[in-house]
Structure formats: structure tokens, C-alpha cells
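K.L.:
File follows, start_15.csv with CSV, C-alpha atoms:
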chain,number,residue,atom,x,y,z
M,1,MET,CA,86.6,85.1,110.4
M,2,GLY,CA,87.9,81.7,111.5
M,3,THR,CA,91.0,79.6,111.8
M,4,HIS,CA,92.0,78.9,108.2
M,5,PRO,CA,95.8,79.7,107.9
M,6,SER,CA,95.3,81.9,104.8
M,7,ALA,CA,93.6,84.6,107.0
M,8,PRO,CA,93.3,83.5,110.6
M,9,SER,CA,91.3,85.6,113.1
M,10,LEU,CA,93.4,87.2,115.8
M,11,LEU,CA,92.3,87.5,119.4
M,12,ALA,CA,92.1,91.0,121.0
M,13,ASP,CA,92.5,90.1,124.7
M,14,ASN,CA,92.0,87.3,127.3
M,15,GLY,CA,95.7,86.6,127.5
M,16,TYR,CA,96.0,85.8,123.8
M,17,ALA,CA,96.2,89.4,122.3
M,18,GLY,CA,97.5,89.3,118.8
M,19,GLN,CA,97.5,85.5,118.6
M,20,PRO,CA,95.4,83.4,116.2
M,21,LEU,CA,92.1,82.0,117.5
M,22,LEU,CA,93.5,78.5,116.7
M,23,ALA,CA,96.2,78.9,119.4
M,24,LEU,CA,93.5,79.3,122.1
M,25,LEU,CA,91.5,76.4,120.8
M,26,ARG,CA,94.5,74.1,120.8
M,27,ASP,CA,95.4,75.1,124.4
M,28,ARG,CA,91.8,74.8,125.5
M,29,PRO,CA,90.0,72.3,123.2
M,30,GLU,CA,87.1,72.1,125.7
M,31,LEU,CA,85.9,75.4,124.3
M,32,LEU,CA,84.7,73.6,121.2
M,33,GLY,CA,82.3,71.4,123.1
M,34,ALA,CA,80.3,69.0,120.9
M,35,ALA,CA,82.2,70.2,117.8
M,36,LEU,CA,85.5,68.7,119.1
M,37,PRO,CA,84.7,65.0,118.5
M,38,ARG,CA,83.1,65.9,115.1
M,39,PHE,CA,85.7,68.1,113.6
M,40,GLY,CA,88.8,68.0,115.8
M,41,CYS,CA,90.6,71.0,117.4
M,42,ASP,CA,89.6,73.6,114.8
M,43,LEU,CA,86.5,75.6,113.8
M,44,PRO,CA,84.8,73.7,111.0
M,45,PHE,CA,83.5,76.8,109.3
M,46,LEU,CA,84.7,80.2,107.8
M,47,PHE,CA,82.5,83.3,108.2
M,48,LYS,CA,82.8,86.1,105.7
M,49,VAL,CA,81.3,89.4,104.6
M,50,LEU,CA,81.5,90.0,100.8
M,51,SER,CA,80.8,93.2,98.9
M,52,VAL,CA,80.6,92.3,95.3
M,53,GLY,CA,81.0,95.2,92.9
M,54,THR,CA,82.3,93.3,89.9
M,55,ALA,CA,81.2,89.8,89.0
M,56,LEU,CA,83.2,87.0,90.7
M,57,SER,CA,84.4,84.1,88.6
M,58,ILE,CA,82.3,81.2,87.3
M,59,GLN,CA,83.7,78.6,89.7
M,60,SER,CA,83.0,75.5,91.8
M,61,HIS,CA,84.4,74.1,95.0
M,62,PRO,CA,85.7,70.5,95.1
M,63,ASP,CA,84.2,67.7,97.2
M,64,LYS,CA,86.4,66.1,99.8
M,65,ALA,CA,87.9,63.4,97.6
M,66,LEU,CA,88.7,65.9,94.8
M,67,ALA,CA,90.1,68.4,97.2
M,68,GLU,CA,92.5,65.8,98.6
M,69,ARG,CA,93.7,64.9,95.1
M,70,LEU,CA,94.1,68.5,93.9
M,71,HIS,CA,96.0,69.5,97.1
M,72,ALA,CA,98.3,66.5,96.8
M,73,GLU,CA,99.0,67.2,93.1
M,74,ARG,CA,99.1,71.1,93.2
M,75,PRO,CA,99.4,72.4,96.7
M,76,GLU,CA,100.6,75.8,95.5
M,77,ILE,CA,97.1,76.3,93.9
M,78,TYR,CA,94.8,74.2,96.0
M,79,LYS,CA,95.9,75.2,99.5
M,80,ASP,CA,94.2,72.6,101.6
M,81,ASP,CA,92.5,69.2,101.3
M,82,ASN,CA,89.1,70.1,102.5
M,83,HIS,CA,85.8,70.4,100.6
M,84,LYS,CA,84.0,73.8,100.6
M,85,PRO,CA,80.2,73.8,100.5
M,86,GLU,CA,78.9,77.3,101.2
M,87,MET,CA,75.9,79.5,101.9
M,88,ALA,CA,75.3,83.1,100.8
M,89,LEU,CA,72.9,85.3,102.8
M,90,ALA,CA,71.9,88.6,101.2
M,91,LEU,CA,72.4,91.8,103.2
M,92,THR,CA,71.3,93.9,100.1
M,93,GLU,CA,69.7,92.9,96.9
M,94,PHE,CA,72.1,90.2,95.6
M,95,GLU,CA,72.6,88.7,92.2
M,96,ALA,CA,74.2,85.4,91.5
M,97,LEU,CA,74.4,82.6,88.9
M,98,CYS,CA,73.9,79.3,90.8
M,99,ALA,CA,73.7,75.7,89.4
M,100,PHE,CA,72.5,74.6,86.0
M,101,CYS,CA,69.1,76.0,85.1
M,102,PRO,CA,66.2,73.6,84.3
M,103,HIS,CA,66.4,71.7,81.0
M,104,GLU,CA,63.4,73.5,79.4
M,105,GLU,CA,64.9,76.9,80.3
M,106,LEU,CA,68.2,75.9,78.7
M,107,LEU,CA,66.5,74.8,75.5
M,108,VAL,CA,64.7,78.2,75.3
M,109,ALA,CA,68.1,79.9,75.7
M,110,LEU,CA,69.6,77.8,72.9
M,111,ASP,CA,66.7,78.9,70.6
M,112,SER,CA,66.9,82.6,71.5
M,113,VAL,CA,70.7,83.0,71.6
M,114,PRO,CA,72.0,81.7,68.3
M,115,GLU,CA,75.6,82.5,69.3
M,116,LEU,CA,75.3,80.1,72.3
M,117,ALA,CA,73.8,77.3,70.1
M,118,GLU,CA,76.5,77.8,67.5
M,119,CYS,CA,79.3,77.6,70.1
M,120,CYS,CA,77.8,74.4,71.5
M,121,GLY,CA,77.6,72.9,68.0
M,122,ALA,CA,74.5,71.4,66.3
M,123,ALA,CA,75.2,67.8,67.4
M,124,ARG,CA,75.5,68.7,71.1
M,125,VAL,CA,72.3,70.9,70.9
M,126,GLN,CA,70.4,68.0,69.3
M,127,ALA,CA,71.7,65.6,72.0
M,128,LEU,CA,70.3,67.9,74.6
M,129,ARG,CA,66.9,68.1,72.9
M,130,ALA,CA,66.7,64.4,72.5
M,131,SER,CA,67.7,63.5,76.1
M,132,THR,CA,65.0,62.1,78.4
M,133,ASP,CA,64.2,63.5,81.9
M,134,CYS,CA,66.6,62.8,84.7
M,135,SER,CA,68.6,60.4,82.6
M,136,ALA,CA,72.4,59.8,82.5
M,137,ALA,CA,72.2,60.7,78.8
M,138,ARG,CA,70.8,64.2,79.7
M,139,ARG,CA,73.7,64.8,82.2
M,140,ALA,CA,76.2,63.6,79.6
M,141,ALA,CA,74.6,65.9,76.9
M,142,LEU,CA,74.7,68.8,79.3
M,143,GLN,CA,78.4,68.1,80.2
M,144,ALA,CA,79.3,67.9,76.5
M,145,ALA,CA,77.6,71.1,75.6
M,146,PHE,CA,78.9,73.1,78.7
M,147,HIS,CA,82.5,71.8,78.1
M,148,GLU,CA,82.3,72.7,74.4
M,149,VAL,CA,81.6,76.3,75.4
M,150,MET,CA,84.0,76.6,78.4
M,151,ALA,CA,86.9,75.1,76.4
M,152,CYS,CA,86.2,77.2,73.3
M,153,PRO,CA,89.4,78.9,72.1
M,154,PRO,CA,89.6,82.5,73.4
M,155,GLU,CA,89.5,84.1,70.0
M,156,ARG,CA,86.5,82.1,68.9
M,157,ALA,CA,84.7,82.7,72.2
M,158,ALA,CA,85.4,86.4,72.0
M,159,ALA,CA,83.9,86.5,68.4
M,160,PHE,CA,80.7,84.8,69.6
M,161,VAL,CA,80.4,87.2,72.6
M,162,GLU,CA,80.9,90.2,70.4
M,163,ARG,CA,78.3,89.0,67.9
M,164,MET,CA,75.8,88.3,70.6
M,165,CYS,CA,76.3,91.7,72.3
M,166,VAL,CA,76.2,93.7,69.0
M,167,ARG,CA,72.9,91.9,68.2
M,168,LEU,CA,71.4,92.7,71.6
M,169,GLN,CA,72.4,96.3,71.4
M,170,ALA,CA,70.9,96.6,67.9
M,171,GLU,CA,67.7,95.0,69.0
M,172,ALA,CA,67.5,97.3,72.0
M,173,ALA,CA,68.1,100.3,69.8
M,174,GLY,CA,65.3,99.1,67.6
M,175,GLY,CA,62.9,99.3,70.5
M,176,ARG,CA,62.8,95.7,71.8
M,177,GLN,CA,62.8,95.5,75.6
M,178,LEU,CA,65.7,93.2,76.6
M,179,SER,CA,65.1,90.6,79.2
M,180,ALA,CA,66.9,90.6,82.6
M,181,ARG,CA,69.1,87.8,81.3
M,182,GLU,CA,70.0,89.8,78.2
M,183,LEU,CA,70.8,92.9,80.2
M,184,LEU,CA,73.0,90.8,82.5
M,185,THR,CA,74.8,89.5,79.4
M,186,LEU,CA,75.6,93.1,78.4
M,187,ARG,CA,76.8,94.0,81.9
M,188,LEU,CA,79.1,90.9,82.1
M,189,GLU,CA,80.6,91.8,78.7
M,190,LEU,CA,81.4,95.3,79.9
M,191,GLN,CA,83.2,93.8,82.9
M,192,TYR,CA,84.9,90.9,81.1
M,193,PRO,CA,85.0,91.8,77.4
M,194,GLY,CA,85.1,88.7,75.1
M,195,ASP,CA,85.2,86.3,78.1
M,196,VAL,CA,83.7,82.8,77.5
M,197,GLY,CA,81.9,83.2,80.8
M,198,VAL,CA,79.5,85.7,79.2
M,199,LEU,CA,78.3,82.9,77.0
M,200,ALA,CA,78.4,80.2,79.7
M,201,ALA,CA,76.3,82.2,82.1
M,202,TRP,CA,73.2,81.2,80.0
M,203,PHE,CA,73.6,77.6,81.3
M,204,LEU,CA,73.1,78.8,84.9
M,205,ASN,CA,70.2,80.0,87.0
M,206,TYR,CA,70.0,83.8,87.5
M,207,LEU,CA,69.0,84.5,91.1
M,208,ARG,CA,68.1,87.8,92.6
M,209,LEU,CA,67.9,87.5,96.3
M,210,GLN,CA,66.3,90.1,98.6
M,211,PRO,CA,67.8,91.0,102.0
M,212,GLY,CA,67.3,88.1,104.4
M,213,GLN,CA,67.2,85.4,101.7
M,214,ALA,CA,69.9,82.8,101.4
M,215,VAL,CA,71.0,80.1,99.0
M,216,ALA,CA,73.1,77.0,99.8
M,217,LEU,CA,75.7,75.8,97.3
M,218,PRO,CA,77.0,72.2,97.6
M,219,ALA,CA,80.4,71.1,96.3
M,220,ASN,CA,80.8,70.5,92.6
M,221,GLU,CA,78.1,73.0,91.6
M,222,PRO,CA,78.9,76.0,89.3
M,223,HIS,CA,78.2,79.5,90.5
M,224,ALA,CA,79.2,83.1,90.1
M,225,TYR,CA,78.4,86.0,92.4
M,226,ILE,CA,77.4,89.1,90.3
M,227,SER,CA,76.6,92.0,92.7
M,228,GLY,CA,75.5,92.9,96.2
M,229,GLU,CA,76.6,92.4,99.8
M,230,ILE,CA,76.3,89.1,101.6
M,231,MET,CA,77.2,87.2,104.7
M,232,GLU,CA,78.9,84.0,103.6
M,233,CYS,CA,79.6,80.8,105.6
M,234,MET,CA,81.4,77.7,104.3
M,235,ALA,CA,83.5,74.8,105.4
M,236,THR,CA,87.0,75.7,106.4
M,237,SER,CA,88.7,75.7,103.0
M,238,ASP,CA,90.1,78.0,100.4
M,239,ASN,CA,89.8,75.8,97.4
M,240,VAL,CA,88.3,77.4,94.3
M,241,ILE,CA,88.2,75.9,90.7
M,242,ARG,CA,87.7,78.8,88.3
M,243,ALA,CA,86.9,78.8,84.6
M,244,GLY,CA,85.3,82.0,83.4
M,245,LEU,CA,84.8,85.7,84.2
M,246,THR,CA,88.2,86.0,85.9
M,247,PRO,CA,91.7,87.2,85.3
M,248,LYS,CA,92.9,84.5,87.7
M,249,LEU,CA,94.1,81.0,86.9
M,250,ARG,CA,91.5,78.9,85.1
M,251,ASP,CA,91.3,75.1,85.5
M,252,THR,CA,88.6,74.5,82.9
M,253,GLU,CA,89.1,70.8,82.5
M,254,VAL,CA,89.0,70.1,86.2
M,255,LEU,CA,85.9,72.2,86.7
M,256,CYS,CA,84.0,70.6,83.8
M,257,GLU,CA,85.0,67.0,84.8
M,258,SER,CA,83.9,67.5,88.5
M,259,LEU,CA,80.5,69.1,88.2
M,260,THR,CA,77.4,67.1,89.0
M,261,TYR,CA,75.3,68.4,86.0
M,262,GLY,CA,72.1,68.3,88.0
M,263,GLN,CA,69.6,70.8,86.9
M,264,GLY,CA,67.0,72.9,88.8
M,265,VAL,CA,66.4,76.1,90.7
M,266,PRO,CA,68.2,76.2,94.1
M,267,GLU,CA,66.0,76.5,97.2
M,268,VAL,CA,65.9,80.0,98.7
M,269,LEU,CA,66.1,80.0,102.5
M,270,THR,CA,64.3,82.8,104.4
M,271,GLY,CA,65.2,82.1,108.0
M,272,ALA,CA,63.3,79.8,110.4
M,273,LYS,CA,61.9,81.0,113.8
M,274,SER,CA,63.8,79.9,116.9
M,275,ALA,CA,62.5,78.7,120.3
M,276,ALA,CA,65.4,80.5,121.9
M,277,SER,CA,64.3,84.0,121.1
M,278,PRO,CA,61.8,85.9,119.0
M,279,HIS,CA,64.7,87.9,117.7
M,280,LEU,CA,66.6,84.9,116.2
M,281,ALA,CA,66.2,83.4,112.7
M,282,LEU,CA,68.0,80.2,111.7
M,283,TYR,CA,69.5,79.5,108.2
M,284,ARG,CA,70.4,75.8,108.2
M,285,PRO,CA,71.9,74.3,105.0
M,286,PRO,CA,72.3,70.5,104.4
M,287,PHE,CA,76.0,70.7,105.4
M,288,ARG,CA,77.3,69.4,108.7
M,289,GLU,CA,80.0,72.1,109.1
M,290,PHE,CA,77.9,75.2,109.6
M,291,GLU,CA,74.6,77.1,109.9
M,292,MET,CA,73.9,80.9,110.3
M,293,TRP,CA,71.7,82.9,112.6
M,294,ARG,CA,70.3,86.4,112.4
M,295,TYR,CA,69.9,88.2,115.7
M,296,SER,CA,67.9,91.4,115.5
M,297,PRO,CA,66.7,92.7,118.9
M,298,PRO,CA,65.3,96.2,119.2
M,299,ALA,CA,66.9,98.8,121.5
M,300,GLY,CA,66.1,98.1,125.1
M,301,THR,CA,66.0,94.3,124.7
M,302,SER,CA,67.5,92.4,127.6
M,303,GLU,CA,67.5,88.6,127.4
M,304,ALA,CA,69.5,85.4,127.9
M,305,LEU,CA,70.1,83.0,125.1
M,306,PRO,CA,70.6,79.3,126.1
M,307,ALA,CA,74.1,77.8,126.0
M,308,ALA,CA,74.9,76.4,122.6
M,309,PRO,CA,76.6,72.9,122.5
M,310,GLY,CA,79.2,74.2,120.0
M,311,PRO,CA,81.3,77.4,119.6
M,312,LEU,CA,79.9,80.5,118.0
M,313,LEU,CA,81.3,83.5,116.1
M,314,LEU,CA,79.1,86.6,116.4
M,315,LEU,CA,79.5,89.7,114.1
M,316,VAL,CA,77.7,92.9,114.8
M,317,GLN,CA,76.5,94.5,111.6
M,318,GLN,CA,74.7,97.5,113.2
M,319,GLY,CA,73.8,98.8,116.6
M,320,ALA,CA,75.4,98.1,120.0
M,321,MET,CA,74.9,95.7,122.8
M,322,ARG,CA,76.5,94.4,126.0
M,323,VAL,CA,77.3,90.7,126.0
M,324,ARG,CA,78.1,88.6,129.0
M,325,ALA,CA,79.3,85.0,128.6
M,326,GLY,CA,80.0,83.5,132.0
M,327,ALA,CA,82.3,85.8,134.0
M,328,GLN,CA,83.3,87.9,130.9
M,329,ALA,CA,81.4,90.9,129.7
M,330,ARG,CA,82.0,93.1,126.7
M,331,GLN,CA,80.4,96.1,124.9
M,332,LEU,CA,80.0,95.3,121.2
M,333,LYS,CA,79.5,97.7,118.4
M,334,ARG,CA,79.3,97.7,114.6
M,335,GLY,CA,82.1,95.6,113.1
M,336,ASP,CA,83.1,93.8,116.3
M,337,VAL,CA,83.5,90.0,116.2
M,338,TYR,CA,83.0,87.9,119.4
M,339,PHE,CA,84.0,84.3,120.0
M,340,VAL,CA,81.6,82.4,122.3
M,341,ALA,CA,82.8,79.1,123.8
M,342,ALA,CA,80.5,76.1,123.7
M,343,GLY,CA,78.3,75.8,126.8
M,344,ALA,CA,78.4,79.5,127.6
M,345,GLU,CA,75.0,81.1,128.2
M,346,LEU,CA,74.8,84.6,126.7
M,347,GLU,CA,73.2,87.5,128.4
M,348,LEU,CA,72.5,90.3,126.0
M,349,GLU,CA,71.4,94.0,126.4
M,350,ALA,CA,70.8,96.0,123.3
M,351,SER,CA,71.4,99.7,123.7
M,352,ALA,CA,70.4,100.4,120.1
M,353,ASP,CA,68.6,98.4,117.4
M,354,VAL,CA,70.9,95.5,116.6
M,355,THR,CA,71.5,93.3,113.6
M,356,ALA,CA,74.1,90.6,114.3
M,357,TRP,CA,75.1,87.4,112.6
M,358,VAL,CA,76.1,84.2,114.2
M,359,ALA,CA,78.0,81.2,112.6
M,360,CYS,CA,78.3,77.8,114.3
M,361,ALA,CA,78.5,74.2,113.4
M,362,ASN,CA,75.2,72.7,112.0
M,363,SER,CA,72.8,71.8,114.8
M,364,LEU,CA,75.3,73.0,117.5
M,365,GLY,CA,73.8,76.5,117.8
M,366,PHE,CA,70.8,77.8,119.8
M,367,ALA,CA,67.6,75.8,120.2
M,368,ALA,CA,65.8,75.7,116.9
Would you write out, as C-alpha cells, the structure that this file holds?
P.N.:
Amino acid sequence: MGTHPSAPSLLADNGYAGQPLLALLRDRPELLGAALPRFGCDLPFLFKVLSVGTALSIQSHPDKALAERLHAERPEIYKDDNHKPEMALALTEFEALCAFCPHEELLVALDSVPELAECCGAARVQALRASTDCSAARRAALQAAFHEVMACPPERAAAFVERMCVRLQAEAAGGRQLSARELLTLRLELQYPGDVGVLAAWFLNYLRLQPGQAVALPANEPHAYISGEIMECMATSDNVIRAGLTPKLRDTEVLCESLTYGQGVPEVLTGAKSAASPHLALYRPPFREFEMWRYSPPAGTSEALPAAPGPLLLLVQQGAMRVRAGAQARQLKRGDVYFVAAGAELELEASADVTAWVACANSLGFAA
């Protein structure tokens, strides 16, 4: 949902039926309100619903400078010149690999997973052990070890993965209770047999979010979505750098060169209360392009939400409600998506218990 040319949202009515949303915004840029001077005549965000049944690739998204370079060099692969920070908000229990795990956790993995340590090589493992906290040497050691795994020749990587999984299966058959990470390893190998990403996953945090929890992912951070359903919001871009757990094009060198190699567990957002309504919860990441809101009024609720200084996209996940914005009114049901112009006060009447999601530019939504 948005204005990116790869899958632009089409308008249903209002004189623009069948035309892209961007056509309306270019004809009437005042609908963008305070977002116009910040981002130009476009929506700065993309709004998605994802249902992840099979693990998505180990990937990152480029920062602005790298996106511009990649788009100029290979526009057939990197379709635009924008960066792509993003946020994933769980609708169901959601599993993901996100950012490099803390240093001590990685050292434990290197001790307990001999195949990972062997793939990294003794010298690189020793460099990791010897590195001091928050030092450039530690980042360099992490980059060298991660690159050694990710760039491992496919046949050699497959042999390490096979050995690791055979060992885990034998230990489980012998009565040892495998850890959640070890069970994840076996699941990933079933989905992507012999893939180097099965090994590389040990470098990353394994997150299991509950419904209503969210995680924000800056540019140049590795991640892979494993399973579950989410709302996702991101800057308006389609740039993805992949390097594992995928049948698609891999750009391993670019991915390994561009990552920040910071370590730590990402913050989990749970939704902040809003002054605009007791039925609103705000998820605000540290990115200027977007934030998300959950709106969950019970049946019978009738209320007005104050005008937002920027444009909104509203998606109804469940329930039904009547929405009035200015002179226009519409009955919304599950699956409907509604564009709200900047400066339009919303009058809402819920005829059934509603769960709806709203995306807007950061700090340009409802009163927090």
C-alpha cells in the first residue's frame, strides 16, 4: 500500500477510479500537508501485510548513499535510489533473525557449534575472542568471521550444514533436549538444504515477538523473517541485498561490506498510549519516514480523532466501521484501505469490534 511504482495503490473512486494514488497526490499536493515540504509530492512510506510461511532471505537494506550507488550501477536489480529502514509489527507470534547477537552469545555459539567455528576458521575465532568491548577491532573481527561464513563455497558450506544437522539429530535421538536455536537450525535446513544461511543464522539474534510487539530495523542491519504474520512499514523503496536462505540473486560481497557490525538485542516496541483516543497505540521508530498506529475500538464506539498534520493510510484488519473525513463518508470492512488527507478530522463509528492499522510519516499522525 503506497505509491512505489513496483506495486502502486489504485484509487477506487473520488474521480480517480483505477488510477494510482500518486496521480491524485500530484494533482493535489496540498493533501500531503506537512509531509510535502519534508518528502515532496509522494508518500514517504510503504505499508505492507506479510504472511511468512517459509523463512525469507538473510538480507539487509542499503542506506541512502549506498542505494544511490547501487541504483546507478545496477538499476535492473536495485530499482530505486532510496534507503529502506523498516518496522515489523506482529499480528501473530512472529519469529525473526534481527541484527548481530551480543558478543558473549556469539562466543557461546562458537563453542557449542563446532561446524560454525570450523567454517569461520581458528584465526578468526581467536580474533573475536581477543577483541575488546565496543572496539573497531571487534567490529573488524566480526566482519571477517561473518564474511568467511557467507562467502564459503556452496559445496563446503553444505558439508558443514549437513554435519551440524546430523549431529543435532543424533543428539536429540540420544535424549538431549535441543535448544530453541538448535531446533530453528533444523527447521531452516529443511527449508533450505545445505544453505550457508543455516550456519550464518547463529550470528544473529533470534526474536520471537508476541502479537502487538514490534521491532525496528535500520538500514545496513542483517535480518531474516522466519514465520508469522506482521504489519510492516518502511521507507518508500524496494531495495533488498540478499545473501542466504534464498533462491534469488545473492549479493554477498555488497551485503558483507555494508553492514554496521554493531551487536546487541534490538528494542521491542509495545505501543505507547495516545492522548487522541484510549483506543489508539503508537509505534514510533527512529526513522523520519513513518510510524504505525493500532486502532482498536469496541463495537458501539463513536468518536472523533483530531486532524493529523500529514496523510494517513488506514487498513481494517477486522470488524467494520463508518468513517467520515470532511464531507466524505464511507463504510469500511475487513481488508479495506482508506486514504486520509492531511488536516482531515476523522469521525468514526464502530459497528463491530475493530482492529485497524494506520501508517503515516513520523510525528505527523495523531496527537501522541
K.L.:
So, counting only C-alpha atoms, which residue among M:Glu171, M:Ala356, M:Ala136, M:Glu289 is closest to Leu313 of chain M?
P.N.:
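Checking each candidate against Leu313 of chain M, we get M:Ala356 as the closest.
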K.L.:
So which residues touch Leu56 of chain M within 8 Å, counting only C-alpha atoms, skipping near sequence neighbours fewer than 6 positions away, as a ChimeraX atom specification?
P.N.:
/M:224-226,245-246
K.L.:
Find the residues near Ala23 of chain M: any atom within 10 Å, counting only C-alpha atoms, skip ones fewer than 4 places away on the same chain, and give them as number ranges by chain.
P.N.:
M: 3, 10-11, 16, 19, 27-29, 41-42
K.L.:
What is the atom CA of Leu128 of chain M to atom CA of His103 of chain M distance in Å?
P.N.:
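Interatomic distance, atom CA of Leu128 of chain M to atom CA of His103 of chain M: 8.4 Å.
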K.L.:
Excluding Leu70 of chain M and its own-chain neighbours fewer than 5 positions away, which residues fall within 12 Å of it when counting all atoms listed in the file? Please give them as a list in words.
P.N.:
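Near Leu70 of chain M, the qualifying residues are His61, Pro62, Asp63, Lys64, Ala65, Pro75, Glu76, Ile77, Tyr78, Lys79, Asp80, Asp81, Asn82, His83, Asn239, Val240, Ile241, Asp251, Val254, Leu255 and Ser258 of chain M.
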